[in-house]
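Next up, input18.tsv (TSV, C-alpha atoms):
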```tsv
chain	number	residue	atom	x	y	z
A	1	MET	CA	19.85	4.43	4.95
A	2	THR	CA	23.21	6.13	5.47
A	3	ASN	CA	23.64	9.87	5.23
A	4	THR	CA	26.89	10.57	3.42
A	5	GLY	CA	26.68	14.35	3.81
A	6	HIS	CA	27.54	16.76	6.61
A	7	THR	CA	24.11	16.92	8.26
A	8	GLU	CA	22.05	14.31	10.01
A	9	ALA	CA	18.59	13.64	8.65
A	10	LYS	CA	15.77	14.40	11.05
A	11	GLY	CA	12.19	13.28	11.12
A	12	VAL	CA	9.20	15.59	10.74
A	13	ARG	CA	6.07	15.49	12.87
A	14	LEU	CA	2.81	17.37	12.45
A	15	GLU	CA	0.34	17.45	15.32
A	16	GLY	CA	-3.24	18.56	14.63
A	17	VAL	CA	-2.25	21.03	11.89
A	18	SER	CA	-5.02	23.05	10.20
A	19	ARG	CA	-4.99	25.95	7.75
A	20	SER	CA	-7.94	27.82	6.24
A	21	PHE	CA	-8.17	30.40	3.49
A	22	GLY	CA	-11.45	32.23	4.03
A	23	GLN	CA	-14.17	29.57	4.05
A	24	LEU	CA	-11.88	26.94	2.55
A	25	LYS	CA	-10.24	24.56	5.03
A	26	ALA	CA	-7.19	23.60	2.99
A	27	VAL	CA	-5.59	21.47	5.73
A	28	ASP	CA	-7.89	19.90	8.32
A	29	ASN	CA	-6.40	18.52	11.56
A	30	VAL	CA	-3.46	16.73	9.94
A	31	SER	CA	-1.19	14.63	12.15
A	32	VAL	CA	1.65	12.60	10.66
A	33	ASP	CA	5.04	11.26	11.75
A	34	ILE	CA	7.67	11.14	8.98
A	35	PRO	CA	10.73	8.99	9.83
A	36	ALA	CA	14.23	10.44	9.54
A	37	GLY	CA	15.96	9.55	6.27
A	38	SER	CA	12.79	8.32	4.57
A	39	PHE	CA	11.25	9.26	1.23
A	40	PHE	CA	7.71	10.28	2.17
A	41	SER	CA	5.05	11.39	-0.33
A	42	LEU	CA	1.90	13.43	0.13
A	43	LEU	CA	-0.41	12.10	-2.58
A	44	GLY	CA	-3.86	13.25	-3.64
A	45	PRO	CA	-5.94	15.05	-6.25
A	46	SER	CA	-5.64	18.76	-6.97
A	47	GLY	CA	-6.95	20.90	-4.13
A	48	CYS	CA	-6.63	18.21	-1.45
A	49	GLY	CA	-4.22	20.25	0.70
A	50	LYS	CA	-0.92	18.50	-0.01
A	51	SER	CA	0.99	21.57	-1.26
A	52	THR	CA	-0.33	23.68	1.63
A	53	THR	CA	0.87	20.98	4.04
A	54	LEU	CA	4.31	21.11	2.41
A	55	ARG	CA	4.39	24.90	2.68
A	56	ILE	CA	3.49	24.67	6.37
A	57	ILE	CA	6.45	22.31	6.90
A	58	SER	CA	8.73	24.73	5.03
A	59	GLY	CA	7.47	27.77	6.93
A	60	PHE	CA	6.07	29.52	3.85
A	61	GLU	CA	2.61	29.14	5.43
A	62	SER	CA	1.68	29.29	9.10
A	63	PRO	CA	-0.91	26.90	10.55
A	64	ASP	CA	-4.04	28.29	12.18
A	65	GLN	CA	-3.65	25.57	14.78
A	66	GLY	CA	-1.36	22.63	15.50
A	67	ARG	CA	2.40	22.23	15.83
A	68	VAL	CA	5.26	21.38	13.46
A	69	TYR	CA	8.39	19.57	14.71
A	70	ILE	CA	11.66	18.86	12.91
A	71	GLY	CA	13.52	16.33	14.98
A	72	GLU	CA	12.58	17.27	18.54
A	73	GLU	CA	12.46	21.01	17.83
A	74	ASP	CA	9.14	22.83	17.62
A	75	VAL	CA	9.55	25.01	14.52
A	76	THR	CA	5.92	26.18	14.26
A	77	ASP	CA	6.88	29.81	14.86
A	78	VAL	CA	10.33	29.67	13.22
A	79	GLN	CA	10.74	31.67	9.99
A	80	ALA	CA	11.20	29.69	6.77
A	81	ARG	CA	14.77	30.90	6.23
A	82	ARG	CA	15.73	29.73	9.72
A	83	ARG	CA	14.34	26.20	9.34
A	84	PRO	CA	16.67	23.30	8.43
A	85	THR	CA	14.74	22.69	5.20
A	86	ALA	CA	15.30	23.26	1.48
A	87	MET	CA	12.69	23.32	-1.28
A	88	VAL	CA	12.94	21.95	-4.82
A	89	PHE	CA	10.20	23.65	-6.80
A	90	GLN	CA	8.01	22.41	-9.65
A	91	ASN	CA	9.94	24.33	-12.31
A	92	TYR	CA	13.27	24.01	-10.41
A	93	ALA	CA	13.38	27.87	-10.15
A	94	LEU	CA	16.89	28.01	-11.60
A	95	PHE	CA	18.28	31.38	-12.71
A	96	PRO	CA	18.61	31.10	-16.51
A	97	HIS	CA	21.34	33.75	-16.79
A	98	MET	CA	23.62	31.85	-14.37
A	99	THR	CA	25.84	28.81	-14.65
A	100	VAL	CA	25.26	25.61	-12.68
A	101	GLY	CA	27.83	26.65	-10.07
A	102	GLN	CA	26.38	30.15	-9.71
A	103	ASN	CA	22.90	28.72	-9.15
A	104	VAL	CA	24.17	26.38	-6.44
A	105	ALA	CA	26.15	29.22	-4.82
A	106	TYR	CA	23.22	31.62	-4.68
A	107	GLY	CA	21.67	30.44	-1.41
A	108	LEU	CA	25.08	30.29	0.25
A	109	LYS	CA	25.87	33.89	-0.71
A	110	VAL	CA	22.50	35.02	0.64
A	111	ARG	CA	23.55	33.42	3.94
A	112	LYS	CA	26.76	35.51	3.73
A	113	LEU	CA	29.21	32.63	3.80
A	114	SER	CA	32.84	33.39	2.99
A	115	ALA	CA	34.01	32.98	-0.60
A	116	SER	CA	36.13	29.95	0.33
A	117	ASP	CA	33.21	28.27	2.13
A	118	VAL	CA	30.91	28.97	-0.82
A	119	LYS	CA	33.41	27.44	-3.25
A	120	SER	CA	33.99	24.28	-1.21
A	121	ARG	CA	30.29	23.70	-0.53
A	122	VAL	CA	29.32	24.25	-4.18
A	123	GLN	CA	31.93	21.72	-5.29
A	124	ASP	CA	30.84	19.26	-2.60
A	125	ALA	CA	27.13	19.60	-3.50
A	126	LEU	CA	27.83	19.13	-7.22
A	127	ARG	CA	29.98	16.10	-6.50
A	128	ARG	CA	27.21	14.52	-4.44
A	129	VAL	CA	24.76	14.73	-7.37
A	130	ASP	CA	27.32	13.83	-10.07
A	131	MET	CA	27.32	17.33	-11.61
A	132	GLU	CA	30.85	18.54	-10.79
A	133	ALA	CA	31.82	18.52	-14.49
A	134	PHE	CA	29.03	21.02	-15.24
A	135	GLU	CA	29.93	23.76	-12.73
A	136	GLY	CA	30.66	26.34	-15.45
A	137	THR	CA	27.84	25.25	-17.78
A	138	PRO	CA	24.87	27.59	-18.40
A	139	VAL	CA	21.73	25.99	-16.97
A	140	THR	CA	19.87	26.72	-20.21
A	141	SER	CA	21.97	24.06	-21.97
A	142	LEU	CA	21.16	21.30	-19.46
A	143	SER	CA	18.75	18.40	-19.95
A	144	GLY	CA	15.69	18.13	-17.72
A	145	GLY	CA	17.38	15.54	-15.53
A	146	GLN	CA	20.52	17.69	-15.21
A	147	GLN	CA	18.40	20.70	-14.25
A	148	GLN	CA	16.76	18.64	-11.55
A	149	ARG	CA	20.13	17.54	-10.20
A	150	THR	CA	21.28	21.18	-10.21
A	151	ALA	CA	18.20	22.18	-8.21
A	152	LEU	CA	18.90	19.32	-5.82
A	153	ALA	CA	22.55	20.39	-5.48
A	154	ARG	CA	21.42	23.91	-4.62
A	155	ALA	CA	19.17	22.46	-1.94
A	156	VAL	CA	21.90	20.13	-0.61
A	157	ALA	CA	24.50	22.93	-0.50
A	158	ILE	CA	22.78	24.70	2.40
A	159	GLU	CA	23.05	21.44	4.36
A	160	PRO	CA	19.37	20.94	5.24
A	161	GLU	CA	17.99	18.20	7.44
A	162	VAL	CA	14.86	17.90	5.29
A	163	ILE	CA	14.36	18.38	1.53
A	164	LEU	CA	10.89	19.30	0.26
A	165	PHE	CA	9.77	18.58	-3.31
A	166	ASP	CA	6.73	20.34	-4.81
A	167	GLU	CA	5.76	18.23	-7.88
A	168	PRO	CA	9.24	18.60	-9.45
A	169	LEU	CA	8.59	16.19	-12.34
A	170	SER	CA	5.17	17.40	-13.50
A	171	ASN	CA	6.53	19.55	-16.34
A	172	LEU	CA	8.56	16.73	-17.93
A	173	ASP	CA	7.43	14.44	-20.74
A	174	VAL	CA	6.63	10.84	-19.83
A	175	ALA	CA	9.94	9.27	-20.89
A	176	LEU	CA	12.04	11.92	-19.14
A	177	ARG	CA	9.83	11.74	-16.04
A	178	HIS	CA	10.49	8.00	-15.71
A	179	GLN	CA	14.23	8.45	-16.18
A	180	THR	CA	14.45	11.42	-13.81
A	181	ARG	CA	12.47	9.83	-11.01
A	182	ALA	CA	14.81	6.83	-11.10
A	183	GLU	CA	17.77	9.22	-10.75
A	184	LEU	CA	16.01	11.09	-7.94
A	185	LYS	CA	15.35	7.92	-5.96
A	186	ALA	CA	18.97	6.82	-6.31
A	187	LEU	CA	20.24	10.25	-5.25
A	188	GLN	CA	17.93	10.42	-2.25
A	189	HIS	CA	19.06	6.99	-1.13
A	190	ARG	CA	22.70	8.00	-1.45
A	191	LEU	CA	22.27	11.35	0.32
A	192	GLY	CA	20.14	9.82	3.08
A	193	LEU	CA	18.18	13.03	3.70
A	194	THR	CA	14.57	13.06	4.84
A	195	SER	CA	12.58	13.86	1.69
A	196	ILE	CA	8.95	14.97	1.57
A	197	TYR	CA	7.44	14.85	-1.90
A	198	VAL	CA	4.14	16.26	-3.15
A	199	THR	CA	2.48	14.71	-6.20
A	200	HIS	CA	-0.91	13.89	-7.69
A	201	ASP	CA	0.63	11.04	-9.73
A	202	GLN	CA	0.03	7.75	-7.90
A	203	GLU	CA	2.50	5.81	-10.06
A	204	GLU	CA	5.21	8.35	-9.27
A	205	ALA	CA	4.49	8.21	-5.53
A	206	MET	CA	4.54	4.42	-5.51
A	207	ALA	CA	7.81	4.25	-7.47
A	208	LEU	CA	9.64	6.72	-5.23
A	209	SER	CA	8.28	6.40	-1.72
A	210	ASP	CA	9.03	4.45	1.41
A	211	GLN	CA	5.76	5.75	2.87
A	212	ILE	CA	2.77	7.58	1.34
A	213	ALA	CA	0.06	9.67	2.97
A	214	VAL	CA	-3.06	9.83	0.78
A	215	MET	CA	-4.92	13.13	1.22
A	216	ARG	CA	-8.50	14.09	0.45
A	217	ALA	CA	-10.28	17.36	1.25
A	218	GLY	CA	-7.55	18.55	3.59
A	219	ARG	CA	-7.25	15.32	5.57
A	220	ILE	CA	-4.93	12.33	5.51
A	221	VAL	CA	-7.17	9.33	4.85
A	222	GLN	CA	-4.51	6.59	4.94
A	223	THR	CA	-0.76	6.28	5.47
A	224	GLY	CA	1.39	3.27	4.64
A	225	SER	CA	3.94	1.74	2.31
A	226	PRO	CA	3.04	1.66	-1.39
A	227	LYS	CA	2.37	-2.08	-1.13
A	228	GLU	CA	0.13	-1.67	1.94
A	229	LEU	CA	-1.93	1.06	0.31
A	230	TYR	CA	-2.31	-0.85	-2.94
A	231	GLN	CA	-3.13	-4.23	-1.43
A	232	GLN	CA	-5.02	-3.10	1.69
A	233	PRO	CA	-6.83	0.18	1.00
A	234	ASP	CA	-8.88	1.46	3.91
A	235	SER	CA	-11.53	3.07	1.71
A	236	ALA	CA	-13.09	3.08	-1.72
A	237	PHE	CA	-11.38	6.43	-2.36
A	238	VAL	CA	-7.88	5.03	-1.72
A	239	ALA	CA	-8.66	1.91	-3.78
A	240	SER	CA	-9.83	4.02	-6.72
A	241	PHE	CA	-7.08	6.64	-6.48
A	242	LEU	CA	-4.25	4.10	-6.34
A	243	GLY	CA	-4.46	1.94	-9.43
A	244	GLY	CA	-7.96	2.75	-10.65
A	245	SER	CA	-9.65	-0.11	-8.85
A	246	ASN	CA	-13.18	-1.29	-9.65
A	247	VAL	CA	-15.32	-0.45	-6.61
A	248	LEU	CA	-18.55	-2.47	-6.41
A	249	ASP	CA	-21.50	-2.14	-4.05
A	250	ASP	CA	-23.88	-4.69	-5.62
A	251	ALA	CA	-23.74	-7.69	-3.26
A	252	GLN	CA	-25.18	-10.13	-5.81
A	253	LEU	CA	-22.68	-9.11	-8.50
A	254	ILE	CA	-19.83	-9.27	-5.99
A	255	GLN	CA	-20.80	-12.81	-5.02
A	256	ARG	CA	-21.08	-13.94	-8.64
A	257	LEU	CA	-17.80	-12.29	-9.60
A	258	THR	CA	-15.66	-13.25	-6.60
A	259	GLY	CA	-17.51	-16.19	-5.09
A	260	ALA	CA	-17.78	-14.42	-1.73
A	261	MET	CA	-20.68	-12.48	-0.25
A	262	PRO	CA	-19.48	-9.23	1.35
A	263	ALA	CA	-20.49	-8.38	4.89
A	264	GLY	CA	-23.53	-6.15	5.11
A	265	GLY	CA	-22.89	-2.56	4.13
A	266	TYR	CA	-19.43	-3.15	2.64
A	267	VAL	CA	-18.18	-2.30	-0.83
A	268	VAL	CA	-15.51	-4.34	-2.59
A	269	SER	CA	-12.44	-3.25	-4.53
A	270	VAL	CA	-11.36	-5.46	-7.45
A	271	ARG	CA	-8.13	-4.50	-9.20
A	272	PRO	CA	-8.22	-4.54	-13.04
A	273	GLU	CA	-5.35	-7.03	-13.17
A	274	HIS	CA	-7.29	-9.42	-10.89
A	275	ILE	CA	-10.22	-9.80	-13.28
A	276	GLU	CA	-9.87	-13.05	-15.20
A	277	VAL	CA	-11.44	-13.07	-18.66
A	278	ASP	CA	-12.71	-15.97	-20.75
A	279	ALA	CA	-13.48	-17.79	-17.53
A	280	GLU	CA	-15.85	-20.73	-17.86
A	281	GLY	CA	-18.91	-20.26	-15.71
A	282	GLY	CA	-18.01	-16.67	-14.95
A	283	VAL	CA	-20.23	-13.61	-15.10
A	284	GLU	CA	-21.11	-12.72	-18.69
A	285	ALA	CA	-19.62	-9.41	-19.79
A	286	GLU	CA	-19.43	-7.47	-23.03
A	287	VAL	CA	-16.24	-5.75	-24.18
A	288	VAL	CA	-17.28	-2.16	-24.93
A	289	ALA	CA	-13.79	-0.67	-25.45
A	290	HIS	CA	-10.16	-1.73	-25.51
A	291	GLN	CA	-6.84	0.13	-25.47
A	292	TYR	CA	-3.55	-1.46	-26.47
A	293	LEU	CA	-0.88	-0.30	-24.00
A	294	GLY	CA	2.10	-2.41	-25.09
A	295	MET	CA	2.71	-5.02	-22.40
A	296	GLN	CA	-0.98	-4.87	-21.46
A	297	THR	CA	-4.34	-4.25	-23.08
A	298	SER	CA	-6.96	-2.39	-21.07
A	299	LEU	CA	-10.53	-3.64	-21.49
A	300	THR	CA	-13.69	-1.78	-20.54
A	301	LEU	CA	-16.38	-4.34	-19.75
A	302	GLU	CA	-20.10	-3.96	-19.17
A	303	VAL	CA	-21.53	-6.34	-16.57
A	304	ASP	CA	-25.14	-6.04	-15.37
A	305	GLY	CA	-25.10	-2.29	-16.05
A	306	TYR	CA	-21.70	-1.79	-14.35
A	307	ARG	CA	-18.54	-0.70	-16.14
A	308	LEU	CA	-15.43	-2.65	-15.09
A	309	GLU	CA	-11.82	-2.17	-16.13
A	310	ALA	CA	-9.71	-5.27	-16.77
A	311	ARG	CA	-6.09	-5.83	-17.84
A	312	ILE	CA	-4.94	-8.68	-20.08
A	313	PRO	CA	-1.52	-9.41	-21.62
A	314	GLY	CA	-0.73	-7.17	-24.56
A	315	ASP	CA	-0.34	-10.09	-26.94
A	316	GLN	CA	-3.99	-11.08	-26.42
A	317	GLU	CA	-6.71	-9.44	-28.47
A	318	ILE	CA	-10.41	-9.42	-27.62
A	319	PRO	CA	-12.43	-7.28	-30.07
A	320	THR	CA	-15.11	-4.81	-29.03
A	321	ALA	CA	-18.64	-6.34	-28.76
A	322	THR	CA	-17.22	-9.75	-27.79
A	323	ARG	CA	-19.10	-11.45	-24.97
A	324	ILE	CA	-16.85	-13.16	-22.44
A	325	GLY	CA	-16.99	-14.70	-18.99
A	326	VAL	CA	-15.19	-12.92	-16.13
A	327	THR	CA	-14.34	-13.81	-12.53
A	328	SER	CA	-12.03	-12.52	-9.84
A	329	SER	CA	-10.26	-14.66	-7.25
A	330	ARG	CA	-8.78	-11.65	-5.44
A	331	ASN	CA	-10.57	-8.74	-3.86
A	332	VAL	CA	-10.28	-6.37	-0.95
A	333	LEU	CA	-13.15	-5.46	1.33
A	334	ASP	CA	-13.07	-1.68	1.69
A	335	ASP	CA	-15.38	0.50	3.70
A	336	ARG	CA	-18.97	0.67	4.85
```

This entry written out as structure tokens:
Amino acid sequence: MTNTGHTEAKGVRLEGVSRSFGQLKAVDNVSVDIPAGSFFSLLGPSGCGKSTTLRIISGFESPDQGRVYIGEEDVTDVQARRRPTAMVFQNYALFPHMTVGQNVAYGLKVRKLSASDVKSRVQDALRRVDMEAFEGTPVTSLSGGQQQRTALARAVAIEPEVILFDEPLSNLDVALRHQTRAELKALQHRLGLTSIYVTHDQEEAMALSDQIAVMRAGRIVQTGSPKELYQQPDSAFVASFLGGSNVLDDAQLIQRLTGAMPAGGYVVSVRPEHIEVDAEGGVEAEVVAHQYLGMQTSLTLEVDGYRLEARIPGDQEIPTATRIGVTSSRNVLDDR
């Protein structure tokens, strides 16, 4: 990935970082190595510690223990405003009474740059995110995607080595979120800056990221590429959180469904799209609910007292209360 800006992307490394708030251990001994120039997501449910981890990287929070490095520099005790980072917030935090250019210039003026430097860096930042034509436009007249690009230009203008994103798409509707995340990925690739992204949306993380760290209860439980996490989850939690997998612990049902007996003490993850319906000689199941989703139809099946989710092509229709045979030729052994 080539950085076309004025700064060189640097990696980020956390070593044994913890942070507590009273009795709550929000971040618990987190260690992670984020490659320079990569798009790296912290993914997990609400309250898992991902935003606190991001704030520790930015300097807005201080760890109780552990160290934070940007490149080879230990920045653990460096103030937020002196770190080579920039934050893009959930609501973009744009000033509504200012134009696009004035918003981008704000951080530069706070740093007391000369008027000529401010002007050139604002123009450069807007050019890099394809917003130069909107410099004099009030931000209140921008679309959601244009607001995001303005917030990104403001971050880029201060020439950071790392950009931090705190759920920046969560307030957008579904269609705009899909469009905007595609723009964001393209921009990040073009800018080449190390990007650390916090989200609870697994689809969003998988669409954007080079690497994902899945968090639970303050800890990182697995790190890998989207494909690695989806196809080779280390635990039932990761399997369920990424893609809503069916997690089974009944050895007899697993053997009947997949044709393989799991090793003692293991559970098995079966993805909904890997359940084959109307299979001759399969396990008998009853369709208890179905949802038409366009390209796919989601089926809720009852099998031996278990509820399983399956996906079939959207042009197929299997009514509720239908009894069908199901099998699965693909499964992943998870954890003991």

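Straight-line separation from CA of Arg190 in chain A to CA of Ser31 in chain A: 28.3 Å.
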
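Within the 9 Å cut-off around Asp278 in chain A, using all atoms listed in the file and omitting residues fewer than 4 positions from it on the same chain, the listed residues are Gly282, Arg323, Ile324, Gly325, Val326 and Thr327 of chain A.
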
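For the pair CA of Gln296 in chain A and CA of His274 in chain A, the interatomic distance is 13.1 Å.
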
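From CA of Arg256 in chain A back to CA of Ala289 in chain A, the distance works out to 22.6 Å.
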
Produce a table with one row for each residue of range 63-96 of chain A that has an atom at most 10 Å from any atom of range 34-55 of chain A, each row naming the nearest atom pair and its distance in Å at one decimal; use only C-alpha atoms; arrange rows by chain and rising residue number; format as CSV.
```
residue,atom,partner,partner_atom,distance
A:Pro63,CA,A:Thr53,CA,9.0
A:Ile70,CA,A:Ala36,CA,9.4
A:Gly71,CA,A:Ala36,CA,8.0
A:Ala80,CA,A:Arg55,CA,9.3
A:Met87,CA,A:Arg55,CA,9.3
```

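Minimum atom-to-atom distances from A:Glu203, A:Val88, A:Glu167, A:Met131 to Leu152 in chain A were compared using all atoms listed in the file, and the lowest value belongs to A:Val88.
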
Padding of 4 Å on every side, edges along x, y and z, all listed atoms of range 41-44 of chain A included: what centre and edge lengths in Å, to one decimal, does that box have, as JSON?
```
{"center_x": 0.6, "center_y": 12.4, "center_z": -1.8, "size_x": 16.9, "size_y": 10.0, "size_z": 11.8}
```

Quiz prompt | Contacts of range 6-16 of chain A within 9 Å, all atoms listed in the file, excl. fewer than 4 positions in-chain, as a ChimeraX atom specification | solution = /A:28-38,57,65-72,159-162,192-194

Closest pair table for range 209-259 of chain A residues within 9 Å of range 302-320 of chain A, all atoms listed in the file, as CSV:
```
residue,atom,partner,partner_atom,distance
A:Gly244,CA,A:Glu309,CA,8.3
A:Ser245,CA,A:Glu309,CA,7.9
A:Asn246,CA,A:Leu308,CA,6.0
A:Val247,CA,A:Leu308,CA,8.8
A:Leu248,CA,A:Tyr306,CA,8.6
A:Leu253,CA,A:Asp304,CA,7.9
```

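Minimum distance to Pro138 in chain A across A:Met98, A:Leu24, A:Met295, A:Leu257 (counting only C-alpha atoms) occurs at A:Met98.
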